[in-house]
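Undergrad: Before I ask anything, let me first share the structure, which is written out below as structure tokens.
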Protein chains: 2
Amino acid sequence: MRVGLVQQRFYGTKELTIEASLKSIKKLKKDKADLIVLQELHQDRYFCINENVDSFDLADDYESDLVFWSKVAKEEKIVLVTSLFEKRAAGLYHNTVVVFEKDGAIAGKYRKMHIPDDPGFYEKFYFTPGDLGYEPIETSVGKLGVLICWDQWFPEAARVMSLKGADVLIYPTAIGWFDEDSEEEKKRQLDAWITIQRSHAIANGIPVISVNRVGKELDDAKVIDGISFWGNSFVVDSQGAFIFRASVSEEEMVVNIDLKKSEEIRRIWPFFRDRRIDSYEGLLKRYID
Amino acid sequence: MRVGLVQQRFYGTKELTIEASLKSIKKLKKDKADLIVLQELHQDRYFCINENVDSFDLADDYESDLVFWSKVAKEEKIVLVTSLFEKRAAGLYHNTVVVFEKDGAIAGKYRKMHIPDDPGFYEKFYFTPGDLGYEPIETSVGKLGVLICWDQWFPEAARVMSLKGADVLIYPTAIGWFDEDSEEEKKRQLDAWITIQRSHAIANGIPVISVNRVGKELDDAKVIDGISFWGNSFVVDSQGAFIFRASVSEEEMVVNIDLKKSEEIRRIWPFFRDRRIDSYEGLLKRYID
């Protein structure tokens, strides 16, 4: 599997941002990527930085967005992982990944299951939690276990996706720092973010692709100053070892993932063999008082 | 919580090995440890290196081992985490942690739930999988979420223990390298072992203590050469950040763990709030075909 990652900033408008993405996609395709992954909500600014009813307007284009990215996938003959703001009905919106096949057909969708909510990341205001569960998306390059950002902190999601036969886990993401945090705290947060995702690779013997945005975006509502998205997109193999790791700057990159390594690793570390499924009922509880 | 860790080699006999442990315990107590954690099966060699019916004899001392370590806990006035070979009945053995209170009483037991089996680690031959589930052990220093070695690769065990209110996760361990593996492979294995355990701290907002053995132990059966136990015992805080990390040599150490940090971290990363317990049924399945 040859995967291209686009780690990008917001260019001030949707049009300019998409233009930059297209430039990256063409470059990655020229470099023989057959799967390209874009970051979370890659078309626009990270609007969840504050709560504003007008921001729901951004989802009005969902149907035309689908037509647009379908055409891109077809023209470039790539499997394309897009992350869109889905309007499902009035007052019903999702944070949705749509995967397009090389012929432009929709291969599948994933609606973000775990929704965060903290200052600067007001996603519970915008997104209804996903109702499609964890279904790997069948494509010509493999079964893609697509999850989104906050999902990455939940080993449960990675596990179910893996037990359903995903070949790779993919996390389009938008996560960053507050400038006022200390350098030590920033380092700890970034380190935790990488560690938890590498752990999904290790626990499940499966490669992980994580694509984050970069650049600072300000909060118009002035509740917070803004978010400095920390980039650091990465790919690890089925043992959790780095294949690639980006910086905090804008970049695109192509990496090869050896899907056969999962078989090799799961033979030496056969965790699926030894799971004590008779003892996991507690996982279905909120808390066990 | 002031915890002492004993990372130790096998001294050739049970008597000499215990003598070394006692020396470390006294030293740690002098340094004001109120909880002391010993490594997996710390009394003796790692006998699971091969399959030998005579090795079951090692469990004959289980009852006297309990008396012995109870006395140690009482004399030193410490909460003591021991890892013993439990004979429960003829032909029924467990890999069992017994935690002693400062007055020598048994605070609780945990029987290893996930049992490995691969060349050099023939534990399925020796140990019946645990039947006590994941119950934090109430002690005067906190609720101890004790798990054992191979359990560390399973996010499910750490999660259930955390949902049951554990204050800290503790993993007595015996894991090592084969000398014939490449340096790169050794590095990847050690890195994966640390990463998966740090991820339990991160996913659950809980500190993690892991205590491993050191030294090379040979395989009398000559199926393999032996195991070089890799040490690297460590403690991470509720954000997964290192408080302490040992080398590959024998050492004992005392570290402070701030249990209040769990409250702080769980406020900024409230993963327990957002778990999608309505979507985790797949976790109770072996595989989802």
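Identifiers for the structure tokens are assigned positionally: chains receive A, B, ... in sequence, residues are indexed from 1 per chain, and ligands are indexed from 1 in the order shown.
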Which polymer residues have any atom within 12 Å of an atom of Ile268 of chain A, counting only C-alpha atoms, with same-chain residues fewer than 3 positions away left out, as number ranges by chain?
TA: A: 202, 205, 238-239, 261-265, 271-273; B: 116-119, 121, 189
Undergrad: Run DSSP on the backbone and give me the residues of segment 25-272 of chain A it puts in strand (DSSP E), as an mmCIF file with N, CA and C atoms, in the first residue's frame.
TA:
```
data_model
loop_
_atom_site.group_PDB
_atom_site.id
_atom_site.type_symbol
_atom_site.label_atom_id
_atom_site.label_comp_id
_atom_site.auth_asym_id
_atom_site.auth_seq_id
_atom_site.Cartn_x
_atom_site.Cartn_y
_atom_site.Cartn_z
ATOM 1 N N LEU A 35 -3.422 5.609 -2.359
ATOM 2 C CA LEU A 35 -4.375 6.010 -1.313
ATOM 3 C C LEU A 35 -3.923 7.377 -0.809
ATOM 4 N N ILE A 36 -4.847 8.336 -0.745
ATOM 5 C CA ILE A 36 -4.480 9.655 -0.211
ATOM 6 C C ILE A 36 -5.438 10.013 0.925
ATOM 7 N N VAL A 37 -4.838 10.460 2.046
ATOM 8 C CA VAL A 37 -5.617 10.780 3.246
ATOM 9 C C VAL A 37 -5.494 12.273 3.545
ATOM 10 N N LEU A 38 -6.644 12.921 3.665
ATOM 11 C CA LEU A 38 -6.673 14.338 4.042
ATOM 12 C C LEU A 38 -7.016 14.451 5.530
ATOM 13 N N VAL A 79 -7.675 6.141 -4.369
ATOM 14 C CA VAL A 79 -8.630 5.998 -3.270
ATOM 15 C C VAL A 79 -8.398 7.210 -2.370
ATOM 16 N N LEU A 80 -9.482 7.936 -2.092
ATOM 17 C CA LEU A 80 -9.345 9.232 -1.420
ATOM 18 C C LEU A 80 -10.170 9.261 -0.127
ATOM 19 N N VAL A 81 -9.498 9.593 0.989
ATOM 20 C CA VAL A 81 -10.170 9.705 2.286
ATOM 21 C C VAL A 81 -10.415 11.175 2.577
ATOM 22 N N THR A 82 -11.689 11.582 2.485
ATOM 23 C CA THR A 82 -12.046 12.981 2.749
ATOM 24 C C THR A 82 -12.776 13.076 4.086
ATOM 25 N N SER A 83 -12.750 14.261 4.670
ATOM 26 C CA SER A 83 -13.387 14.476 5.975
ATOM 27 C C SER A 83 -14.295 15.691 5.849
ATOM 28 N N LEU A 84 -15.614 15.453 5.897
ATOM 29 C CA LEU A 84 -16.586 16.491 5.528
ATOM 30 C C LEU A 84 -17.565 16.782 6.664
ATOM 31 N N PHE A 85 -18.206 17.932 6.546
ATOM 32 C CA PHE A 85 -19.239 18.343 7.493
ATOM 33 C C PHE A 85 -20.563 17.934 6.865
ATOM 34 N N GLU A 86 -21.164 16.876 7.403
ATOM 35 C CA GLU A 86 -22.349 16.292 6.775
ATOM 36 C C GLU A 86 -23.641 16.874 7.332
ATOM 37 N N LYS A 87 -24.449 17.451 6.448
ATOM 38 C CA LYS A 87 -25.806 17.836 6.844
ATOM 39 C C LYS A 87 -26.717 16.675 6.479
ATOM 40 N N ARG A 88 -27.328 16.088 7.504
ATOM 41 C CA ARG A 88 -28.183 14.916 7.268
ATOM 42 C C ARG A 88 -29.653 15.330 7.237
ATOM 43 N N ALA A 89 -29.977 16.299 8.044
ATOM 44 C CA ALA A 89 -31.327 16.883 8.084
ATOM 45 C C ALA A 89 -31.186 18.208 8.825
ATOM 46 N N LEU A 92 -29.460 18.241 12.217
ATOM 47 C CA LEU A 92 -28.803 16.930 12.395
ATOM 48 C C LEU A 92 -27.558 16.865 11.509
ATOM 49 N N TYR A 93 -26.407 17.004 12.145
ATOM 50 C CA TYR A 93 -25.137 17.103 11.432
ATOM 51 C C TYR A 93 -24.156 16.065 11.963
ATOM 52 N N HIS A 94 -23.241 15.628 11.097
ATOM 53 C CA HIS A 94 -22.208 14.691 11.524
ATOM 54 C C HIS A 94 -20.837 15.146 11.035
ATOM 55 N N ASN A 95 -19.822 14.666 11.747
ATOM 56 C CA ASN A 95 -18.426 14.821 11.337
ATOM 57 C C ASN A 95 -18.103 13.509 10.630
ATOM 58 N N THR A 96 -18.031 13.554 9.295
ATOM 59 C CA THR A 96 -18.100 12.335 8.492
ATOM 60 C C THR A 96 -16.927 12.181 7.531
ATOM 61 N N VAL A 97 -16.314 11.029 7.571
ATOM 62 C CA VAL A 97 -15.327 10.696 6.542
ATOM 63 C C VAL A 97 -16.053 10.003 5.395
ATOM 64 N N VAL A 98 -15.758 10.450 4.185
ATOM 65 C CA VAL A 98 -16.271 9.762 3.004
ATOM 66 C C VAL A 98 -15.064 9.277 2.210
ATOM 67 N N VAL A 99 -15.059 7.974 1.910
ATOM 68 C CA VAL A 99 -13.957 7.395 1.145
ATOM 69 C C VAL A 99 -14.429 7.141 -0.286
ATOM 70 N N PHE A 100 -13.646 7.650 -1.248
ATOM 71 C CA PHE A 100 -13.968 7.477 -2.661
ATOM 72 C C PHE A 100 -13.043 6.449 -3.301
ATOM 73 N N ILE A 106 -18.540 6.168 -4.202
ATOM 74 C CA ILE A 106 -18.370 6.230 -2.751
ATOM 75 C C ILE A 106 -18.137 4.807 -2.239
ATOM 76 N N ALA A 107 -16.949 4.571 -1.649
ATOM 77 C CA ALA A 107 -16.624 3.229 -1.136
ATOM 78 C C ALA A 107 -17.281 3.017 0.224
ATOM 79 N N GLY A 108 -17.407 4.097 0.993
ATOM 80 C CA GLY A 108 -18.029 3.979 2.307
ATOM 81 C C GLY A 108 -17.915 5.273 3.093
ATOM 82 N N LYS A 109 -18.648 5.309 4.199
ATOM 83 C CA LYS A 109 -18.646 6.477 5.082
ATOM 84 C C LYS A 109 -18.389 6.027 6.504
ATOM 85 N N TYR A 110 -17.838 6.928 7.297
ATOM 86 C CA TYR A 110 -17.717 6.714 8.732
ATOM 87 C C TYR A 110 -18.111 8.011 9.435
ATOM 88 N N ARG A 111 -19.037 7.912 10.369
ATOM 89 C CA ARG A 111 -19.435 9.094 11.144
ATOM 90 C C ARG A 111 -18.783 9.040 12.508
ATOM 91 N N ILE A 137 -13.909 0.038 5.641
ATOM 92 C CA ILE A 137 -14.412 0.385 4.316
ATOM 93 C C ILE A 137 -13.604 -0.379 3.263
ATOM 94 N N GLU A 138 -14.285 -1.216 2.521
ATOM 95 C CA GLU A 138 -13.641 -2.042 1.476
ATOM 96 C C GLU A 138 -13.252 -1.157 0.298
ATOM 97 N N THR A 139 -11.975 -1.202 -0.068
ATOM 98 C CA THR A 139 -11.522 -0.452 -1.246
ATOM 99 C C THR A 139 -10.566 -1.331 -2.045
ATOM 100 N N GLY A 142 -7.391 -2.013 0.003
ATOM 101 C CA GLY A 142 -7.478 -2.715 1.288
ATOM 102 C C GLY A 142 -8.703 -2.278 2.066
ATOM 103 N N LYS A 143 -8.892 -2.919 3.219
ATOM 104 C CA LYS A 143 -10.015 -2.565 4.091
ATOM 105 C C LYS A 143 -9.561 -1.463 5.046
ATOM 106 N N LEU A 144 -10.134 -0.280 4.886
ATOM 107 C CA LEU A 144 -9.669 0.887 5.628
ATOM 108 C C LEU A 144 -10.482 1.063 6.915
ATOM 109 N N GLY A 145 -9.808 1.006 8.033
ATOM 110 C CA GLY A 145 -10.460 1.222 9.327
ATOM 111 C C GLY A 145 -10.392 2.695 9.675
ATOM 112 N N VAL A 146 -11.317 3.465 9.122
ATOM 113 C CA VAL A 146 -11.258 4.916 9.310
ATOM 114 C C VAL A 146 -11.965 5.310 10.600
ATOM 115 N N VAL A 168 -5.769 -1.514 8.036
ATOM 116 C CA VAL A 168 -5.022 -0.341 8.491
ATOM 117 C C VAL A 168 -6.006 0.561 9.229
ATOM 118 N N LEU A 169 -5.507 1.271 10.256
ATOM 119 C CA LEU A 169 -6.330 2.281 10.930
ATOM 120 C C LEU A 169 -5.923 3.656 10.426
ATOM 121 N N ILE A 170 -6.906 4.516 10.182
ATOM 122 C CA ILE A 170 -6.645 5.848 9.620
ATOM 123 C C ILE A 170 -7.379 6.890 10.457
ATOM 124 N N TYR A 171 -6.619 7.892 10.961
ATOM 125 C CA TYR A 171 -7.214 8.939 11.798
ATOM 126 C C TYR A 171 -7.013 10.331 11.204
ATOM 127 N N PRO A 172 -7.953 10.848 10.412
ATOM 128 C CA PRO A 172 -7.895 12.284 10.087
ATOM 129 C C PRO A 172 -8.145 13.065 11.383
ATOM 130 N N GLY A 176 -4.400 20.525 18.451
ATOM 131 C CA GLY A 176 -3.319 21.500 18.589
ATOM 132 C C GLY A 176 -3.157 21.976 20.013
ATOM 133 N N TRP A 177 -2.235 22.923 20.128
ATOM 134 C CA TRP A 177 -1.896 23.480 21.433
ATOM 135 C C TRP A 177 -2.545 24.848 21.630
ATOM 136 N N VAL A 208 -0.968 2.141 11.472
ATOM 137 C CA VAL A 208 -1.804 3.306 11.775
ATOM 138 C C VAL A 208 -1.299 4.525 11.008
ATOM 139 N N ILE A 209 -2.242 5.215 10.381
ATOM 140 C CA ILE A 209 -1.961 6.475 9.667
ATOM 141 C C ILE A 209 -2.720 7.584 10.378
ATOM 142 N N SER A 210 -2.025 8.646 10.764
ATOM 143 C CA SER A 210 -2.696 9.764 11.423
ATOM 144 C C SER A 210 -2.326 11.052 10.696
ATOM 145 N N VAL A 211 -3.326 11.820 10.286
ATOM 146 C CA VAL A 211 -3.070 13.038 9.504
ATOM 147 C C VAL A 211 -3.693 14.230 10.212
ATOM 148 N N VAL A 214 -2.058 21.828 10.408
ATOM 149 C CA VAL A 214 -1.046 22.725 10.980
ATOM 150 C C VAL A 214 -1.554 24.164 10.894
ATOM 151 N N GLY A 215 -0.781 25.060 11.465
ATOM 152 C CA GLY A 215 -1.106 26.481 11.399
ATOM 153 C C GLY A 215 -1.945 26.920 12.579
ATOM 154 N N LYS A 216 -1.891 28.213 12.856
ATOM 155 C CA LYS A 216 -2.680 28.749 13.972
ATOM 156 C C LYS A 216 -4.000 29.307 13.450
ATOM 157 N N GLU A 217 -5.098 28.961 14.113
ATOM 158 C CA GLU A 217 -6.406 29.520 13.767
ATOM 159 C C GLU A 217 -6.955 30.239 14.991
ATOM 160 N N LEU A 218 -7.454 31.454 14.772
ATOM 161 C CA LEU A 218 -7.906 32.298 15.881
ATOM 162 C C LEU A 218 -9.376 32.066 16.204
ATOM 163 N N GLY A 226 -6.688 31.077 20.405
ATOM 164 C CA GLY A 226 -6.735 30.298 19.174
ATOM 165 C C GLY A 226 -6.093 28.945 19.405
ATOM 166 N N ILE A 227 -5.989 28.166 18.334
ATOM 167 C CA ILE A 227 -5.360 26.849 18.419
ATOM 168 C C ILE A 227 -4.192 26.797 17.450
ATOM 169 N N SER A 228 -3.047 26.344 17.923
ATOM 170 C CA SER A 228 -1.897 26.104 17.046
ATOM 171 C C SER A 228 -1.851 24.608 16.750
ATOM 172 N N PHE A 229 -2.401 24.224 15.611
ATOM 173 C CA PHE A 229 -2.471 22.805 15.271
ATOM 174 C C PHE A 229 -1.049 22.252 15.121
ATOM 175 N N TRP A 230 -0.847 21.091 15.730
ATOM 176 C CA TRP A 230 0.546 20.650 15.930
ATOM 177 C C TRP A 230 1.110 19.707 14.867
ATOM 178 N N PHE A 234 1.708 11.087 11.173
ATOM 179 C CA PHE A 234 2.672 9.993 11.175
ATOM 180 C C PHE A 234 2.067 8.701 10.670
ATOM 181 N N VAL A 235 2.964 7.773 10.359
ATOM 182 C CA VAL A 235 2.572 6.416 9.981
ATOM 183 C C VAL A 235 3.441 5.464 10.790
ATOM 184 N N VAL A 236 2.811 4.494 11.454
ATOM 185 C CA VAL A 236 3.578 3.440 12.131
ATOM 186 C C VAL A 236 3.180 2.092 11.555
ATOM 187 N N PHE A 242 7.803 3.687 13.871
ATOM 188 C CA PHE A 242 7.603 4.781 12.916
ATOM 189 C C PHE A 242 8.072 4.417 11.517
ATOM 190 N N ILE A 243 7.219 4.666 10.542
ATOM 191 C CA ILE A 243 7.620 4.624 9.138
ATOM 192 C C ILE A 243 7.861 6.057 8.682
ATOM 193 N N PHE A 244 7.069 6.947 9.243
ATOM 194 C CA PHE A 244 7.197 8.358 8.874
ATOM 195 C C PHE A 244 6.653 9.235 9.986
ATOM 196 N N ARG A 245 7.259 10.381 10.174
ATOM 197 C CA ARG A 245 6.735 11.365 11.118
ATOM 198 C C ARG A 245 6.991 12.763 10.598
ATOM 199 N N GLU A 251 3.207 20.031 5.066
ATOM 200 C CA GLU A 251 3.937 19.134 4.166
ATOM 201 C C GLU A 251 3.019 18.035 3.636
ATOM 202 N N GLU A 252 3.461 17.465 2.504
ATOM 203 C CA GLU A 252 2.783 16.258 2.040
ATOM 204 C C GLU A 252 3.862 15.197 1.842
ATOM 205 N N MET A 253 3.461 13.944 1.945
ATOM 206 C CA MET A 253 4.460 12.879 1.902
ATOM 207 C C MET A 253 3.832 11.567 1.431
ATOM 208 N N VAL A 254 4.656 10.712 0.823
ATOM 209 C CA VAL A 254 4.184 9.390 0.415
ATOM 210 C C VAL A 254 5.011 8.347 1.152
ATOM 211 N N VAL A 255 4.348 7.342 1.711
ATOM 212 C CA VAL A 255 5.079 6.264 2.374
ATOM 213 C C VAL A 255 4.508 4.910 1.970
ATOM 214 N N ASN A 256 5.366 3.913 1.993
ATOM 215 C CA ASN A 256 4.922 2.550 1.721
ATOM 216 C C ASN A 256 4.583 1.846 3.031
#
```
Undergrad: Which chain A residues have any atom within 8 Å of an atom of chain B, and for each, what is the nearest pair of atoms with distance in Å to one decimal, counting only C-alpha atoms, rows sorted by chain and number, as a Markdown table?
TA:
```
| residue | atom | partner | partner_atom | distance |
| --- | --- | --- | --- | --- |
| A:Met113 | CA | B:Arg276 | CA | 7.1 |
| A:His114 | CA | B:Asp274 | CA | 6.1 |
| A:Ile115 | CA | B:Asp274 | CA | 6.9 |
| A:Pro116 | CA | B:Asp274 | CA | 7.3 |
| A:Asp118 | CA | B:Ile268 | CA | 7.6 |
| A:Gly133 | CA | B:Ser279 | CA | 6.4 |
| A:Trp153 | CA | B:Ala203 | CA | 6.0 |
| A:Phe154 | CA | B:Ala203 | CA | 6.6 |
| A:Pro155 | CA | B:Pro155 | CA | 6.5 |
| A:Glu156 | CA | B:Tyr280 | CA | 6.7 |
| A:Ala157 | CA | B:Tyr280 | CA | 7.7 |
| A:Arg159 | CA | B:Leu283 | CA | 7.2 |
| A:Val160 | CA | B:Gly282 | CA | 5.8 |
| A:Leu163 | CA | B:Tyr287 | CA | 5.0 |
| A:Lys164 | CA | B:Ile288 | CA | 4.9 |
| A:Gly165 | CA | B:Ile288 | CA | 7.5 |
| A:Arg188 | CA | B:Ala241 | CA | 6.5 |
| A:Ala192 | CA | B:Gly240 | CA | 6.4 |
| A:Thr195 | CA | B:Thr195 | CA | 6.1 |
| A:Ile196 | CA | B:Ser199 | CA | 4.9 |
| A:Arg198 | CA | B:Thr195 | CA | 7.2 |
| A:Ser199 | CA | B:Ile196 | CA | 4.9 |
| A:Ile202 | CA | B:Ala192 | CA | 6.5 |
| A:Ala203 | CA | B:Trp153 | CA | 6.0 |
| A:Gln239 | CA | B:Ala192 | CA | 6.9 |
| A:Gly240 | CA | B:Ala192 | CA | 6.5 |
| A:Ala241 | CA | B:Arg188 | CA | 6.6 |
| A:Ile268 | CA | B:Asp118 | CA | 7.6 |
| A:Phe271 | CA | B:Trp153 | CA | 7.3 |
| A:Phe272 | CA | B:Arg286 | CA | 7.3 |
| A:Asp274 | CA | B:His114 | CA | 6.1 |
| A:Arg275 | CA | B:His114 | CA | 6.8 |
| A:Arg276 | CA | B:His114 | CA | 6.6 |
| A:Ile277 | CA | B:Leu284 | CA | 5.0 |
| A:Asp278 | CA | B:Leu284 | CA | 7.1 |
| A:Ser279 | CA | B:Gly133 | CA | 6.4 |
| A:Tyr280 | CA | B:Leu284 | CA | 6.2 |
| A:Glu281 | CA | B:Leu284 | CA | 7.0 |
| A:Gly282 | CA | B:Val160 | CA | 5.8 |
| A:Leu283 | CA | B:Val160 | CA | 6.1 |
| A:Leu284 | CA | B:Ile277 | CA | 5.0 |
| A:Lys285 | CA | B:Ile277 | CA | 6.3 |
| A:Arg286 | CA | B:Ile277 | CA | 6.6 |
| A:Tyr287 | CA | B:Leu163 | CA | 5.0 |
| A:Ile288 | CA | B:Lys164 | CA | 4.9 |
| A:Asp289 | CA | B:Lys164 | CA | 6.4 |
```
Undergrad: Generate the output file for the selected residues, N, CA and C atoms, as a short mmCIF file (atom, residue, chain, number, x, y, z; two decimals), in the first residue's frame.
TA:
```cif
data_model
loop_
_atom_site.label_atom_id
_atom_site.label_comp_id
_atom_site.auth_asym_id
_atom_site.auth_seq_id
_atom_site.Cartn_x
_atom_site.Cartn_y
_atom_site.Cartn_z
N MET A 113 -17.64 8.71 15.98
CA MET A 113 -18.42 8.10 17.07
C MET A 113 -18.21 8.84 18.40
N HIS A 114 -16.95 9.18 18.69
CA HIS A 114 -16.64 9.84 19.96
C HIS A 114 -16.49 11.33 19.70
N ILE A 115 -17.30 12.13 20.36
CA ILE A 115 -17.31 13.57 20.10
C ILE A 115 -16.74 14.33 21.30
N PRO A 116 -15.69 15.11 21.07
CA PRO A 116 -15.09 15.86 22.18
C PRO A 116 -15.89 17.12 22.49
N ASP A 118 -14.47 20.60 24.64
CA ASP A 118 -13.72 21.37 25.62
C ASP A 118 -13.41 22.72 24.99
N GLY A 133 -21.41 2.86 13.56
CA GLY A 133 -20.48 1.91 14.20
C GLY A 133 -19.11 1.95 13.55
N TRP A 153 -8.40 8.33 21.12
CA TRP A 153 -8.10 8.14 22.54
C TRP A 153 -8.81 6.91 23.12
N PHE A 154 -9.59 6.23 22.29
CA PHE A 154 -10.41 5.11 22.78
C PHE A 154 -9.95 3.78 22.18
N PRO A 155 -9.25 2.97 22.98
CA PRO A 155 -8.77 1.68 22.46
C PRO A 155 -9.91 0.81 21.95
N GLU A 156 -11.10 1.01 22.49
CA GLU A 156 -12.25 0.20 22.09
C GLU A 156 -12.53 0.33 20.59
N ALA A 157 -12.47 1.56 20.09
CA ALA A 157 -12.79 1.79 18.68
C ALA A 157 -11.77 1.10 17.77
N ARG A 159 -9.94 -1.45 18.52
CA ARG A 159 -10.06 -2.90 18.68
C ARG A 159 -11.21 -3.44 17.84
N VAL A 160 -12.37 -2.82 17.93
CA VAL A 160 -13.52 -3.33 17.17
C VAL A 160 -13.23 -3.26 15.68
N LEU A 163 -10.95 -6.09 14.88
CA LEU A 163 -11.63 -7.40 14.95
C LEU A 163 -12.55 -7.59 13.74
N LYS A 164 -12.92 -6.48 13.12
CA LYS A 164 -13.76 -6.57 11.92
C LYS A 164 -12.92 -6.71 10.65
N GLY A 165 -11.62 -6.87 10.82
CA GLY A 165 -10.78 -7.19 9.67
C GLY A 165 -10.16 -6.01 8.94
N ARG A 188 4.17 17.01 26.53
CA ARG A 188 3.44 15.88 27.11
C ARG A 188 2.18 15.55 26.31
N ALA A 192 1.58 12.12 24.33
CA ALA A 192 0.43 11.27 24.68
C ALA A 192 -0.38 10.94 23.43
N THR A 195 1.57 8.43 21.44
CA THR A 195 1.66 7.15 22.17
C THR A 195 0.35 6.37 22.10
N ILE A 196 -0.76 7.04 22.31
CA ILE A 196 -2.03 6.31 22.32
C ILE A 196 -2.31 5.70 20.95
N ARG A 198 0.01 4.91 18.59
CA ARG A 198 0.96 3.81 18.38
C ARG A 198 0.49 2.58 19.12
N SER A 199 -0.12 2.78 20.28
CA SER A 199 -0.57 1.63 21.07
C SER A 199 -1.66 0.85 20.35
N ILE A 202 0.11 -1.50 18.12
CA ILE A 202 0.73 -2.58 18.88
C ILE A 202 -0.32 -3.57 19.37
N ALA A 203 -1.39 -3.07 19.97
CA ALA A 203 -2.41 -3.95 20.56
C ALA A 203 -3.09 -4.81 19.49
N GLN A 239 3.83 -3.03 14.24
CA GLN A 239 4.50 -3.21 15.54
C GLN A 239 4.57 -1.87 16.28
N GLY A 240 3.99 -0.83 15.67
CA GLY A 240 4.02 0.49 16.28
C GLY A 240 5.28 1.29 15.99
N ALA A 241 6.16 0.78 15.12
CA ALA A 241 7.41 1.48 14.80
C ALA A 241 7.16 2.53 13.72
N ILE A 268 4.03 -13.55 16.22
CA ILE A 268 4.91 -13.52 17.41
C ILE A 268 4.19 -12.92 18.62
N PHE A 271 -2.07 -11.58 20.26
CA PHE A 271 -2.99 -11.05 21.28
C PHE A 271 -4.44 -11.44 20.98
N PHE A 272 -4.78 -11.55 19.71
CA PHE A 272 -6.17 -11.94 19.39
C PHE A 272 -6.47 -13.35 19.92
N ASP A 274 -5.43 -14.64 22.66
CA ASP A 274 -5.48 -14.72 24.12
C ASP A 274 -6.46 -13.76 24.79
N ARG A 275 -7.21 -12.99 24.01
CA ARG A 275 -8.17 -12.08 24.64
C ARG A 275 -9.16 -12.87 25.49
N ARG A 276 -9.42 -12.37 26.71
CA ARG A 276 -10.34 -13.04 27.64
C ARG A 276 -11.74 -12.48 27.47
N ILE A 277 -12.36 -12.85 26.34
CA ILE A 277 -13.66 -12.24 26.02
C ILE A 277 -14.73 -12.60 27.04
N ASP A 278 -14.47 -13.64 27.85
CA ASP A 278 -15.42 -13.99 28.91
C ASP A 278 -15.38 -13.01 30.08
N SER A 279 -14.38 -12.10 30.06
CA SER A 279 -14.17 -11.24 31.24
C SER A 279 -14.30 -9.75 30.92
N TYR A 280 -14.82 -9.43 29.74
CA TYR A 280 -14.82 -8.02 29.32
C TYR A 280 -16.17 -7.32 29.42
N GLU A 281 -17.15 -7.92 30.08
CA GLU A 281 -18.49 -7.31 30.15
C GLU A 281 -18.43 -5.88 30.70
N GLY A 282 -17.49 -5.64 31.60
CA GLY A 282 -17.38 -4.31 32.21
C GLY A 282 -17.15 -3.21 31.19
N LEU A 283 -16.62 -3.57 30.03
CA LEU A 283 -16.33 -2.57 29.00
C LEU A 283 -17.61 -1.94 28.46
N LEU A 284 -18.73 -2.60 28.67
CA LEU A 284 -20.00 -2.07 28.17
C LEU A 284 -20.68 -1.18 29.21
N LYS A 285 -20.00 -0.96 30.32
CA LYS A 285 -20.56 -0.11 31.38
C LYS A 285 -19.90 1.27 31.38
N ARG A 286 -20.65 2.26 31.83
CA ARG A 286 -20.10 3.62 31.94
C ARG A 286 -19.03 3.66 33.02
N TYR A 287 -19.34 3.06 34.16
CA TYR A 287 -18.42 2.99 35.29
C TYR A 287 -18.92 1.84 36.15
N ILE A 288 -18.04 1.24 36.92
CA ILE A 288 -18.44 0.06 37.68
C ILE A 288 -18.33 0.40 39.16
N ASP A 289 -19.42 0.93 39.70
CA ASP A 289 -19.42 1.42 41.09
C ASP A 289 -19.52 0.27 42.09
#
```
Undergrad: Quick one: residues within 7 Å of Gly120 of chain A, only C-alpha atoms, excluding same-chain residues fewer than 5 positions away - as a list in words?
TA: Cys48, Ile49, Asn50 and Ile224 of chain A
Undergrad: Let me make sure I understand: among B:Ala166, B:Phe56, B:Asp225, B:Val141, which one has the smallest atom-to-atom distance to Asp179 of chain B if we use only C-alpha atoms?
TA: B:Asp225
Undergrad: Separation of atom CA of Val6 of chain B and atom CA of Phe127 of chain B, in Å?
TA: 23.8 Å
Undergrad: Could you pull out the alpha helix (DSSP H) residues of segment 45-198 of chain A, going by DSSP on the backbone, and write them as number ranges by chain?
TA: A: 62-76, 123-126, 155-163, 183-198
